[in-house]
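Colleague: So that we are looking at the same thing, I have put the structure below in structure tokens.
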Amino acid sequence: MRQPLSYPWLDLDVDDRSAPVIAVRVDADGTRGEVPEHSHRKGQLVVSLGGGVTCRVPSGLWMVPPHCAVWIPGGMAHSNRATANARLFFVYVEPELSRLPGRCCTISISPLLRELIVELSDGTQHDEARRERLIGVLLGELPHMPLQQLHLPLPAEPRLKRIATALADDPADRRTLAEWASHLALSESSLARLVVKETGLTFGRWRQQLHLIVAIRELAAGASVQQVSAQLGYESVTAFITMFRKALGQPPATYINGIANAR
């Protein structure tokens with residue numbers, strides 16, 4: 001059962017506050033938590049310093065592994081789901097001050113920015129001059145952080161939404177493109193073209209991207225490579241590791257550790 005994520009202030013309304021940057025620590029309370037779909041005027045960084053978070057926007061799923069963040073532009077509807085061990089910070093930025101893209105993206109967070117975000121989330125900080133300096137460094141450094149390709153396009157086309165929902169509910173579903181085409185009363189070639197048109201990816205690459213997002217989320221939550229491989233329906237751990245390495249350039253354990261130790 002998913003529980004609401006806990007904010008330090010129950011009456012927090014970030015759009016009612018004029019501060020250029022608001023950083024808030026959010027507690028997962030030892031269970032898998034979620035923030036239901038909502039939107040706000042300010043842009044938002046969903047920052048994970050431990051565990052993992054999946055952000056959903058109308059056009060896709062974005063993964064936030066440890067020591068990364070997802071940028072969500074102001075006004076965009078979104079929801080967040082966190083693993084039980086997640087250590088999260090939400091950073092809200094006035095739109096006119098952000099130099100980040102006008103679209104969602106996953107970015108790596110350097111140790112410097114991690115410490116700035118933690119410091120800014122401390123509600124006991126009353127030195128406004130120092131706070132302004134910290135905010136200046138944060139806003140200046142954010143645009144220079146490297147991007148991570150951890151995005152799954154979610155098509156609006158109704159037939160593809162059925163496939164996406166089924167695969168999200170059961171990532172181990174191994175139905176082929178031909179089997180899905182038959183299920184949807186389409187030819188295999190028609191479905192193949194539709195997937196590319198709506199997602200920019202082939203069916204195999206689209207499903208693989210979902211597997212990568214699920215794998216990183218579960219590995220960040222503490223699952224073993226063997227457990228994740230079985231959850232995704234791979235015939236062997238070796239096959240899963242090979243897929244992961246080809247897609248992201250490193251085996252799973254090395255990738256997760258590399259993000260956590262990024263400089």
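To be explicit about the labels: the chains of the structure tokens are called A, B, and onward in the order shown, and within each one the residues are counted from 1, while ligands get numbers from 1 in the order they are shown.
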For Pro251 (chain A), please output as a PyMOL selection string all residues within 12 Å (counting only C-alpha atoms; exclusion window: fewer than 3 positions along the same chain).
Modeller: chain A and resi 212+215-216+219+225+237-248+254-258
Colleague: Write out as a ChimeraX atom specification all residues of region 119-231 of chain A that backbone DSSP assigns to helix (DSSP H, G or I).
Modeller: /A:119-120,128-144,158-169,177-183,188-199,203-220,225-231
Colleague: Within 8 Å of His40 (chain A), counting only C-alpha atoms, which residues show up once you throw out same-chain ones fewer than 4 positions away? Write them as a list of chain:residue names, please.
Modeller: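 Here the qualifying residues turn out to be A:Val14, A:Asp15, A:Gly74, A:Gly75, A:Met76, A:Ala77.
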Colleague: For region 53-60 of chain A, please output as a PyMOL selection string all residues within 10 Å (counting only C-alpha atoms; exclusion window: fewer than 2 positions along the same chain).
Modeller: chain A and resi 32-38+46-48+50-51+62-66+68-72+76-84+86-88+104+150-156+199+213-214+216-218+220-221
Colleague: Pick out the residues sitting within 12 Å of Val196 (chain A), and hand them over as a ChimeraX atom specification; count only C-alpha atoms, and ignore anything fewer than 4 positions along from it in its own chain.
Modeller: /A:153-155,157,160,189-192,200-206
Colleague: At a cut-off of 8 Å, using only C-alpha atoms, what residues contact Glu188 (chain A)? Leave out same-chain residues fewer than 6 positions from it and give the result as a list in words.
Modeller: Leu177, Ala178, Ala181 and Ser182 of chain A
Colleague: Could you jot down the CA of Asp169 (chain A) to CA of His211 (chain A) separation for me, Å, one decimal place?
Modeller: 11.8 Å
Colleague: Can you measure CA of Gln148 (chain A) to CA of Cys105 (chain A) for me? One decimal in Å is fine.
Modeller: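 These two atoms are separated by 7.7 Å.
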Colleague: Give me, as a count of residues only, all polymer residues having an atom no more than 6 Å from Phe89 (chain A), counting only C-alpha atoms and skipping those fewer than 6 positions away in the same chain.
Modeller: 4
Colleague: To one decimal place, how far is CA of Gly140 (chain A) from CA of Arg17 (chain A) in Å?
Modeller: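 These two atoms are separated by 21.6 Å.
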Colleague: Using DSSP secondary structure from the backbone, list all strand (DSSP E or B) positions within region 58-87 of chain A, as a PyMOL selection string.
Modeller: chain A and resi 60-64+68-72+78-82+87
Colleague: For a quick check of understanding, using only C-alpha atoms, which of A:Glu235, A:Gln44, A:Gln149, A:Arg130 has the smallest distance to Gly102 (chain A)?
Modeller: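 Selected residue with least distance to Gly102 (chain A): A:Gln44.
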Colleague: Between A:Ala23, A:Ala253, A:Ala230, A:Leu45, single out the one closest to Asp122 (chain A), counting only C-alpha atoms.
Modeller: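 Among the listed residues, the smallest separation from Asp122 (chain A) belongs to A:Ala23.
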